[in-house]
$ cat start-v9.tsv   # TSV, C-alpha atoms and all ligand atoms
chain	number	residue	atom	x	y	z
J	1	MET	CA	15.22	24.58	24.59
J	2	ARG	CA	14.93	25.76	28.19
J	3	LEU	CA	12.58	28.45	29.28
J	4	ARG	CA	12.68	30.23	32.60
J	5	ASN	CA	10.96	28.03	35.12
J	6	ILE	CA	7.32	28.99	34.96
J	7	THR	CA	5.66	28.84	38.36
J	8	GLY	CA	2.86	26.35	38.35
J	9	SER	CA	3.63	24.81	34.95
J	10	ARG	CA	3.71	21.30	36.47
J	11	GLU	CA	0.32	21.89	38.06
J	12	VAL	CA	-1.19	23.16	34.81
J	13	ILE	CA	0.17	20.12	32.98
J	14	ALA	CA	-1.12	17.74	35.66
J	15	GLY	CA	-4.66	18.97	35.06
J	16	CYS	CA	-4.50	19.04	31.28
J	17	ASP	CA	-6.46	16.67	29.05
J	18	TYR	CA	-4.11	17.15	26.10
J	19	VAL	CA	-1.28	15.55	28.07
J	20	ILE	CA	-1.02	11.81	28.61
J	21	HIS	CA	0.07	11.52	32.21
J	22	GLU	CA	0.94	7.82	32.57
J	23	PRO	CA	2.11	7.03	29.04
J	24	GLN	CA	3.52	3.60	29.95
J	25	GLU	CA	-0.02	2.44	30.74
J	26	HIS	CA	-0.97	2.88	27.10
J	27	ARG	CA	1.93	0.85	25.69
J	28	GLY	CA	0.51	-1.33	22.92
J	29	GLN	CA	-2.89	0.40	23.17
J	30	TRP	CA	-2.39	3.85	21.72
J	31	ARG	CA	-5.18	3.25	19.21
J	32	GLU	CA	-7.63	3.28	22.12
J	33	VAL	CA	-6.34	6.65	23.28
J	34	PHE	CA	-7.19	8.13	19.88
J	35	GLY	CA	-10.29	5.99	19.37
J	36	ASN	CA	-9.27	4.96	15.84
J	37	ASP	CA	-6.61	2.94	14.02
J	38	HIS	CA	-4.95	5.77	12.12
J	39	PRO	CA	-1.15	5.69	11.94
J	40	ILE	CA	0.77	7.32	14.79
J	41	ARG	CA	3.61	9.75	14.17
J	42	ILE	CA	5.69	11.26	16.96
J	43	GLU	CA	8.01	14.22	17.35
J	44	ILE	CA	10.72	13.79	19.95
J	45	GLY	CA	11.80	17.12	21.44
J	46	MET	CA	8.85	19.09	20.13
J	47	GLY	CA	9.69	22.32	21.96
J	48	LYS	CA	6.71	24.68	21.91
J	49	GLY	CA	4.92	22.38	19.46
J	50	ARG	CA	4.33	24.50	16.39
J	51	PHE	CA	5.53	21.87	13.90
J	52	ILE	CA	3.46	19.01	15.26
J	53	MET	CA	0.37	21.18	15.64
J	54	ASP	CA	0.64	22.33	12.03
J	55	LEU	CA	0.99	18.70	10.91
J	56	ALA	CA	-1.96	17.56	13.03
J	57	ARG	CA	-4.18	20.33	11.70
J	58	ALA	CA	-3.28	19.54	8.08
J	59	ASN	CA	-3.62	15.73	8.43
J	60	PRO	CA	-6.72	14.79	10.44
J	61	ASP	CA	-6.38	11.11	9.40
J	62	ILE	CA	-3.02	10.76	11.11
J	63	ASN	CA	-2.50	10.70	14.86
J	64	TYR	CA	0.33	12.69	16.41
J	65	ILE	CA	2.14	12.63	19.73
J	66	GLY	CA	4.55	15.37	20.74
J	67	ILE	CA	7.22	14.49	23.31
J	68	GLU	CA	9.06	17.11	25.36
J	69	LYS	CA	11.09	16.78	28.53
J	70	TYR	CA	10.60	20.25	30.04
J	71	SER	CA	7.25	21.24	31.51
J	72	SER	CA	7.97	24.96	31.05
J	73	VAL	CA	8.33	24.34	27.29
J	74	LEU	CA	5.42	21.94	27.03
J	75	LEU	CA	3.20	24.53	28.67
J	76	ARG	CA	3.49	26.70	25.55
J	77	GLY	CA	2.16	23.86	23.44
J	78	ILE	CA	-0.73	23.34	25.84
J	79	GLN	CA	-1.64	27.00	25.67
J	80	LYS	CA	-1.74	26.78	21.86
J	81	MET	CA	-3.91	23.65	22.04
J	82	GLU	CA	-6.35	25.43	24.35
J	83	ALA	CA	-6.76	28.14	21.72
J	84	ASP	CA	-7.01	25.62	18.86
J	85	PRO	CA	-7.87	22.10	20.11
J	86	LEU	CA	-6.89	19.19	17.86
J	87	MET	CA	-8.46	15.75	18.33
J	88	ASN	CA	-5.57	13.89	16.72
J	89	LEU	CA	-2.75	15.24	18.90
J	90	TYR	CA	-1.54	14.48	22.42
J	91	PHE	CA	1.53	15.56	24.36
J	92	ILE	CA	3.78	13.58	26.67
J	93	ARG	CA	6.28	15.07	29.11
J	94	MET	CA	9.07	12.54	29.28
J	95	GLU	CA	12.72	11.82	28.54
J	96	ALA	CA	13.17	10.24	25.13
J	97	GLU	CA	15.41	7.59	26.71
J	98	GLU	CA	12.20	5.93	28.00
J	99	ILE	CA	10.57	5.68	24.59
J	100	THR	CA	10.48	1.87	24.39
J	101	SER	CA	8.55	1.69	27.66
J	102	VAL	CA	5.83	3.90	26.14
J	103	PHE	CA	5.41	2.38	22.66
J	104	ALA	CA	5.21	-1.32	21.76
J	105	PRO	CA	7.01	-2.79	18.74
J	106	GLY	CA	5.49	-1.50	15.50
J	107	GLU	CA	3.24	1.01	17.20
J	108	VAL	CA	4.78	4.11	15.60
J	109	GLU	CA	4.70	4.83	11.88
J	110	ARG	CA	7.11	7.78	11.69
J	111	ILE	CA	9.45	9.71	13.96
J	112	TYR	CA	10.39	13.37	13.59
J	113	LEU	CA	13.53	14.83	15.17
J	114	ASN	CA	13.81	18.58	14.73
J	115	PHE	CA	16.75	20.68	15.90
J	116	SER	CA	17.75	18.16	18.55
J	117	ASP	CA	20.16	19.23	21.27
J	118	PRO	CA	23.75	18.87	19.97
J	119	TRP	CA	25.48	17.50	23.10
J	120	PRO	CA	28.84	18.59	21.62
J	121	LYS	CA	31.11	16.72	24.05
J	122	ASP	CA	32.22	13.29	22.82
J	123	ARG	CA	31.36	11.66	26.12
J	124	HIS	CA	27.73	12.76	25.68
J	125	ALA	CA	27.34	11.32	22.16
J	126	LYS	CA	24.90	8.69	23.46
J	127	ARG	CA	22.48	11.43	24.52
J	128	ARG	CA	22.16	12.80	20.97
J	129	LEU	CA	18.74	11.86	19.63
J	130	PRO	CA	20.11	10.64	16.24
J	131	SER	CA	22.85	8.50	17.89
J	132	ARG	CA	23.08	4.76	17.25
J	133	GLU	CA	21.79	4.14	20.79
J	134	PHE	CA	18.61	6.07	19.99
J	135	LEU	CA	18.36	4.53	16.50
J	136	GLN	CA	18.23	1.16	18.25
J	137	ARG	CA	15.31	2.36	20.39
J	138	TYR	CA	13.50	3.76	17.34
J	139	ASP	CA	14.06	0.43	15.57
J	140	GLU	CA	12.10	-1.27	18.37
J	141	ILE	CA	9.00	0.90	18.13
J	142	LEU	CA	8.69	1.67	14.40
J	143	ILE	CA	6.72	-0.38	11.87
J	144	PRO	CA	8.96	-2.28	9.40
J	145	ASP	CA	8.82	0.38	6.70
J	146	GLY	CA	8.70	3.27	9.14
J	147	VAL	CA	10.96	6.25	8.57
J	148	ILE	CA	12.73	8.90	10.62
J	149	GLU	CA	12.94	12.50	9.45
J	150	PHE	CA	15.64	14.66	11.02
J	151	LYS	CA	16.27	18.38	10.51
J	152	THR	CA	19.00	20.55	12.02
J	153	ASP	CA	21.16	23.55	11.19
J	154	ASN	CA	24.05	22.02	13.15
J	155	LEU	CA	26.34	20.56	10.49
J	156	GLU	CA	28.52	18.80	13.03
J	157	LEU	CA	25.53	17.04	14.57
J	158	PHE	CA	24.21	16.21	11.09
J	159	ARG	CA	27.50	14.66	9.95
J	160	PHE	CA	27.63	12.68	13.18
J	161	ALA	CA	24.07	11.48	12.53
J	162	LEU	CA	24.99	10.36	9.00
J	163	GLY	CA	27.91	8.36	10.41
J	164	GLU	CA	25.61	6.53	12.83
J	165	LEU	CA	23.35	5.10	10.12
J	166	GLU	CA	25.36	2.20	8.77
J	167	PRO	CA	26.57	0.85	12.15
J	168	ALA	CA	22.96	0.97	13.39
J	169	GLY	CA	21.55	-0.73	10.24
J	170	TRP	CA	19.74	2.26	8.72
J	171	GLN	CA	19.89	3.66	5.19
J	172	LEU	CA	19.42	7.07	3.63
J	173	GLU	CA	16.28	7.60	1.60
J	174	GLN	CA	16.78	11.33	1.03
J	175	VAL	CA	19.39	13.80	2.21
J	176	THR	CA	20.31	17.47	1.80
J	177	GLU	CA	22.58	19.92	3.56
J	178	ASP	CA	20.57	22.87	2.22
J	179	LEU	CA	16.90	22.00	2.50
J	180	HIS	CA	15.56	25.43	1.65
J	181	HIS	CA	17.30	25.28	-1.76
J	182	ASP	CA	16.29	21.69	-2.50
J	183	ALA	CA	13.05	21.96	-4.46
J	184	GLN	CA	12.19	18.28	-4.15
J	185	MET	CA	12.76	17.92	-0.41
J	186	MET	CA	11.09	21.27	0.26
J	187	GLN	CA	7.76	20.04	-1.13
J	188	GLY	CA	5.29	20.12	1.74
J	189	ASN	CA	7.97	21.23	4.21
J	190	VAL	CA	6.51	22.31	7.55
J	191	MET	CA	8.75	24.78	9.37
J	192	THR	CA	9.60	24.35	13.02
J	193	GLU	CA	10.18	27.24	15.40
J	194	TYR	CA	13.94	26.70	15.35
J	195	GLU	CA	13.96	26.23	11.59
J	196	GLU	CA	12.38	29.62	11.09
J	197	LYS	CA	14.76	31.26	13.51
J	198	PHE	CA	17.97	29.71	12.18
J	199	SER	CA	17.11	29.91	8.49
J	200	SER	CA	16.24	33.60	8.86
J	201	MET	CA	19.77	34.07	10.28
J	202	GLY	CA	21.10	32.56	7.03
J	203	ASN	CA	21.96	29.10	8.37
J	204	PRO	CA	21.40	26.29	5.84
J	205	ILE	CA	19.10	23.54	7.13
J	206	CYS	CA	20.18	19.89	6.84
J	207	LYS	CA	17.64	17.09	6.53
J	208	TYR	CA	17.62	13.35	6.13
J	209	ILE	CA	14.92	10.73	5.78
J	210	ILE	CA	16.07	7.23	6.75
J	211	SER	CA	14.64	3.72	6.80
J	212	ARG	CA	15.95	0.26	7.76
J	301	LIG	N1	11.61	20.73	17.71
J	301	LIG	C1	11.53	22.13	18.11
J	301	LIG	C2	12.41	22.41	19.34
J	301	LIG	C3	13.89	22.16	19.14
J	301	LIG	S1	14.85	22.41	20.62
J	301	LIG	C4	11.89	23.03	16.94
J	301	LIG	O1	12.49	22.54	15.98
J	301	LIG	O2	11.57	24.22	17.00
J	301	LIG	C5	15.00	20.72	21.18
J	301	LIG	C6	13.90	20.33	22.15
J	301	LIG	O3	14.04	18.97	22.47
J	301	LIG	C7	13.96	21.08	23.48
J	301	LIG	O4	12.69	21.63	23.78
J	301	LIG	C8	14.40	20.03	24.48
J	301	LIG	O5	13.89	20.27	25.77
J	301	LIG	C9	13.85	18.77	23.86
J	301	LIG	N2	14.62	17.58	24.21
J	301	LIG	C10	15.95	17.45	24.12
J	301	LIG	N3	16.34	16.24	24.53
J	301	LIG	C11	15.23	15.57	24.88
J	301	LIG	C12	14.98	14.28	25.38
J	301	LIG	N4	15.97	13.43	25.63
J	301	LIG	N5	13.72	13.91	25.63
J	301	LIG	C13	12.69	14.78	25.40
J	301	LIG	N6	12.86	16.02	24.93
J	301	LIG	C14	14.11	16.42	24.67
$ encode --input "start-v9.tsv" --output "structure tokens" --more "lines below"
Ligand code: SAH
Amino acid sequence: MRLRNITGSREVIAGCDYVIHEPQEHRGQWREVFGNDHPIRIEIGMGKGRFIMDLARANPDINYIGIEKYSSVLLRGIQKMEADPLMNLYFIRMEAEEITSVFAPGEVERIYLNFSDPWPKDRHAKRRLPSREFLQRYDEILIPDGVIEFKTDNLELFRFALGELEPAGWQLEQVTEDLHHDAQMMQGNVMTEYEEKFSSMGNPICKYIISR
């Protein structure tokens, strides 16, 4: 997601308490940021943040961190937080490639990837968030029985993601290529902004849940 550059969005973010500005400094100490020892779940590529805000509101005993690389996009999440502050949610503006410098081994309980950028060219496969290179990074930060949940309407990206599991040492727990018609996997489903947009256009939504 890229929004028109919004003048001053970097300045707004710099002064915002909902954003963690030097995330590397909290590596291994995220519990202190939240002031409790609740599990930490993160969304990588949160966009405008609707999904993670809905989760945080519904689950006050779980801590959430939303990660987004573009300040113009993150700004929308901040504006929503100002209208409806949540104590168990923080945002980080960063590139997901740096994730292991921000979280220590076993510090994250669950990772959500929603409608990740497809990077369709073969030479960019390593940049895809469900690629084996990223699975290796997630392996470093997740607790031993941590899981990753991935949703997309891009069947090509989804099939690629399925093919990355075995080489990277991950296994499928649950999978569907039509989430909205899968009664079991739909239980408790929280829609993302892209999910609403693409499903209303008639695109089936794919989802997997994986573990090591
Ligand atoms: N998860 C949201 C947005 C999906 S669009 C939803 O489902 O509605 C994908 C988002 O991921 C974009 O906002 C994009 O800027 C962000 N993103 C893509 N690659 C990223 C990366 N490497 N690090 C951090 N954010 C990334």
$ closest_atom_pairs --input "start-v9.tsv" --of "chain J" --to "ligand LIG 301 (chain J)" --cutoff "10 Å" --atoms "all atoms listed in the file" --output "JSON lines"
{"residue": "J:Met1", "atom": "CA", "partner": "J:LIG301", "partner_atom": "C7", "distance": 3.9}
{"residue": "J:Arg2", "atom": "CA", "partner": "J:LIG301", "partner_atom": "O5", "distance": 6.1}
{"residue": "J:Leu3", "atom": "CA", "partner": "J:LIG301", "partner_atom": "O4", "distance": 8.8}
{"residue": "J:Glu43", "atom": "CA", "partner": "J:LIG301", "partner_atom": "N1", "distance": 7.4}
{"residue": "J:Ile44", "atom": "CA", "partner": "J:LIG301", "partner_atom": "N6", "distance": 5.9}
{"residue": "J:Gly45", "atom": "CA", "partner": "J:LIG301", "partner_atom": "O3", "distance": 3.1}
{"residue": "J:Met46", "atom": "CA", "partner": "J:LIG301", "partner_atom": "N1", "distance": 4.0}
{"residue": "J:Gly47", "atom": "CA", "partner": "J:LIG301", "partner_atom": "O4", "distance": 3.6}
{"residue": "J:Lys48", "atom": "CA", "partner": "J:LIG301", "partner_atom": "C1", "distance": 6.6}
{"residue": "J:Gly49", "atom": "CA", "partner": "J:LIG301", "partner_atom": "C1", "distance": 6.8}
{"residue": "J:Arg50", "atom": "CA", "partner": "J:LIG301", "partner_atom": "O2", "distance": 7.3}
{"residue": "J:Phe51", "atom": "CA", "partner": "J:LIG301", "partner_atom": "C4", "distance": 7.1}
{"residue": "J:Ile52", "atom": "CA", "partner": "J:LIG301", "partner_atom": "N1", "distance": 8.7}
{"residue": "J:Gly66", "atom": "CA", "partner": "J:LIG301", "partner_atom": "N6", "distance": 9.3}
{"residue": "J:Ile67", "atom": "CA", "partner": "J:LIG301", "partner_atom": "C13", "distance": 5.9}
{"residue": "J:Glu68", "atom": "CA", "partner": "J:LIG301", "partner_atom": "N6", "distance": 4.0}
{"residue": "J:Lys69", "atom": "CA", "partner": "J:LIG301", "partner_atom": "C13", "distance": 4.0}
{"residue": "J:Tyr70", "atom": "CA", "partner": "J:LIG301", "partner_atom": "O5", "distance": 5.4}
{"residue": "J:Ser71", "atom": "CA", "partner": "J:LIG301", "partner_atom": "O5", "distance": 8.8}
{"residue": "J:Ser72", "atom": "CA", "partner": "J:LIG301", "partner_atom": "O5", "distance": 9.2}
{"residue": "J:Val73", "atom": "CA", "partner": "J:LIG301", "partner_atom": "O4", "distance": 6.2}
{"residue": "J:Leu74", "atom": "CA", "partner": "J:LIG301", "partner_atom": "O4", "distance": 8.0}
{"residue": "J:Ile92", "atom": "CA", "partner": "J:LIG301", "partner_atom": "C13", "distance": 9.1}
{"residue": "J:Arg93", "atom": "CA", "partner": "J:LIG301", "partner_atom": "C13", "distance": 7.4}
{"residue": "J:Met94", "atom": "CA", "partner": "J:LIG301", "partner_atom": "C13", "distance": 5.8}
{"residue": "J:Glu95", "atom": "CA", "partner": "J:LIG301", "partner_atom": "N5", "distance": 3.7}
{"residue": "J:Ala96", "atom": "CA", "partner": "J:LIG301", "partner_atom": "N5", "distance": 3.7}
{"residue": "J:Glu97", "atom": "CA", "partner": "J:LIG301", "partner_atom": "N4", "distance": 6.0}
{"residue": "J:Glu98", "atom": "CA", "partner": "J:LIG301", "partner_atom": "N5", "distance": 8.5}
{"residue": "J:Ile99", "atom": "CA", "partner": "J:LIG301", "partner_atom": "N5", "distance": 8.9}
{"residue": "J:Tyr112", "atom": "CA", "partner": "J:LIG301", "partner_atom": "N1", "distance": 8.5}
{"residue": "J:Leu113", "atom": "CA", "partner": "J:LIG301", "partner_atom": "N1", "distance": 6.7}
{"residue": "J:Asn114", "atom": "CA", "partner": "J:LIG301", "partner_atom": "N1", "distance": 4.3}
{"residue": "J:Phe115", "atom": "CA", "partner": "J:LIG301", "partner_atom": "C3", "distance": 4.6}
{"residue": "J:Ser116", "atom": "CA", "partner": "J:LIG301", "partner_atom": "C5", "distance": 4.6}
{"residue": "J:Asp117", "atom": "CA", "partner": "J:LIG301", "partner_atom": "C5", "distance": 5.4}
{"residue": "J:Pro118", "atom": "CA", "partner": "J:LIG301", "partner_atom": "C10", "distance": 8.9}
{"residue": "J:Trp119", "atom": "CA", "partner": "J:LIG301", "partner_atom": "N3", "distance": 9.3}
{"residue": "J:Arg127", "atom": "CA", "partner": "J:LIG301", "partner_atom": "N4", "distance": 6.9}
{"residue": "J:Arg128", "atom": "CA", "partner": "J:LIG301", "partner_atom": "N3", "distance": 7.6}
{"residue": "J:Leu129", "atom": "CA", "partner": "J:LIG301", "partner_atom": "N4", "distance": 6.8}
{"residue": "J:Phe134", "atom": "CA", "partner": "J:LIG301", "partner_atom": "N4", "distance": 9.6}
{"residue": "J:Phe150", "atom": "CA", "partner": "J:LIG301", "partner_atom": "O1", "distance": 9.8}
{"residue": "J:Lys151", "atom": "CA", "partner": "J:LIG301", "partner_atom": "O1", "distance": 7.8}
{"residue": "J:Thr152", "atom": "CA", "partner": "J:LIG301", "partner_atom": "O1", "distance": 7.9}
{"residue": "J:Asp153", "atom": "CA", "partner": "J:LIG301", "partner_atom": "O1", "distance": 10.0}
{"residue": "J:Met191", "atom": "CA", "partner": "J:LIG301", "partner_atom": "O1", "distance": 7.9}
{"residue": "J:Thr192", "atom": "CA", "partner": "J:LIG301", "partner_atom": "O2", "distance": 4.4}
{"residue": "J:Glu193", "atom": "CA", "partner": "J:LIG301", "partner_atom": "O2", "distance": 3.7}
{"residue": "J:Tyr194", "atom": "CA", "partner": "J:LIG301", "partner_atom": "O2", "distance": 3.8}
{"residue": "J:Glu195", "atom": "CA", "partner": "J:LIG301", "partner_atom": "O1", "distance": 5.9}
{"residue": "J:Glu196", "atom": "CA", "partner": "J:LIG301", "partner_atom": "O2", "distance": 8.0}
{"residue": "J:Lys197", "atom": "CA", "partner": "J:LIG301", "partner_atom": "O2", "distance": 8.5}
{"residue": "J:Phe198", "atom": "CA", "partner": "J:LIG301", "partner_atom": "O2", "distance": 9.7}
$ closest_residue --input "start-v9.tsv" --among "J:Gln29, J:Gln79, J:Thr176, J:Asn59" --to "Val108 of chain J" --atoms "all atoms listed in the file"
J:Gln29
$ closest_residue --input "start-v9.tsv" --among "J:Trp170, J:Tyr18, J:Phe91, J:Tyr64" --to "Leu135 of chain J" --atoms "all atoms listed in the file"
J:Trp170
$ atom_distance --input "start-v9.tsv" --atom1 "atom CA of Glu25 of chain J" --atom2 "atom CA of Asn88 of chain J"
18.9 Å
$ atom_distance --input "start-v9.tsv" --atom1 "atom CA of Arg110 of chain J" --atom2 "atom CA of Arg76 of chain J"
23.7 Å
$ atom_distance --input "start-v9.tsv" --atom1 "atom CA of Leu162 of chain J" --atom2 "atom CA of Glu109 of chain J"
21.2 Å
$ closest_residue --input "start-v9.tsv" --among "J:Asn63, J:Gln171, J:Ser211, J:Ser199" --to "Asn36 of chain J" --atoms "all atoms listed in the file"
J:Asn63
$ closest_residue --input "start-v9.tsv" --among "J:Arg137, J:Arg212, J:Asp54, J:Leu89" --to "Asn189 of chain J" --atoms "all atoms listed in the file"
J:Asp54
$ residues_around --input "start-v9.tsv" --residues "Arg31 of chain J" --least-positions-apart "4" --cutoff "12 Å" --atoms "all atoms listed in the file" --output "JSON, numbers by chain"
{"J": [26, 27, 35, 36, 37, 38, 39, 40, 62, 63, 64, 65, 88, 103, 104, 107, 108]}
$ closest_residue --input "start-v9.tsv" --among "J:Pro120, J:Gly77, J:Pro60, J:Gly202" --to "Cys16 of chain J" --atoms "only C-alpha atoms"
J:Gly77
$ axis_aligned_box --input "start-v9.tsv" --around "segment 16-27 of chain J" --padding-each-side "4 Å" --output "AutoDock Vina command-line options"
--center_x -1.5 --center_y 9.9 --center_z 29.1 --size_x 18.0 --size_y 26.2 --size_z 14.9
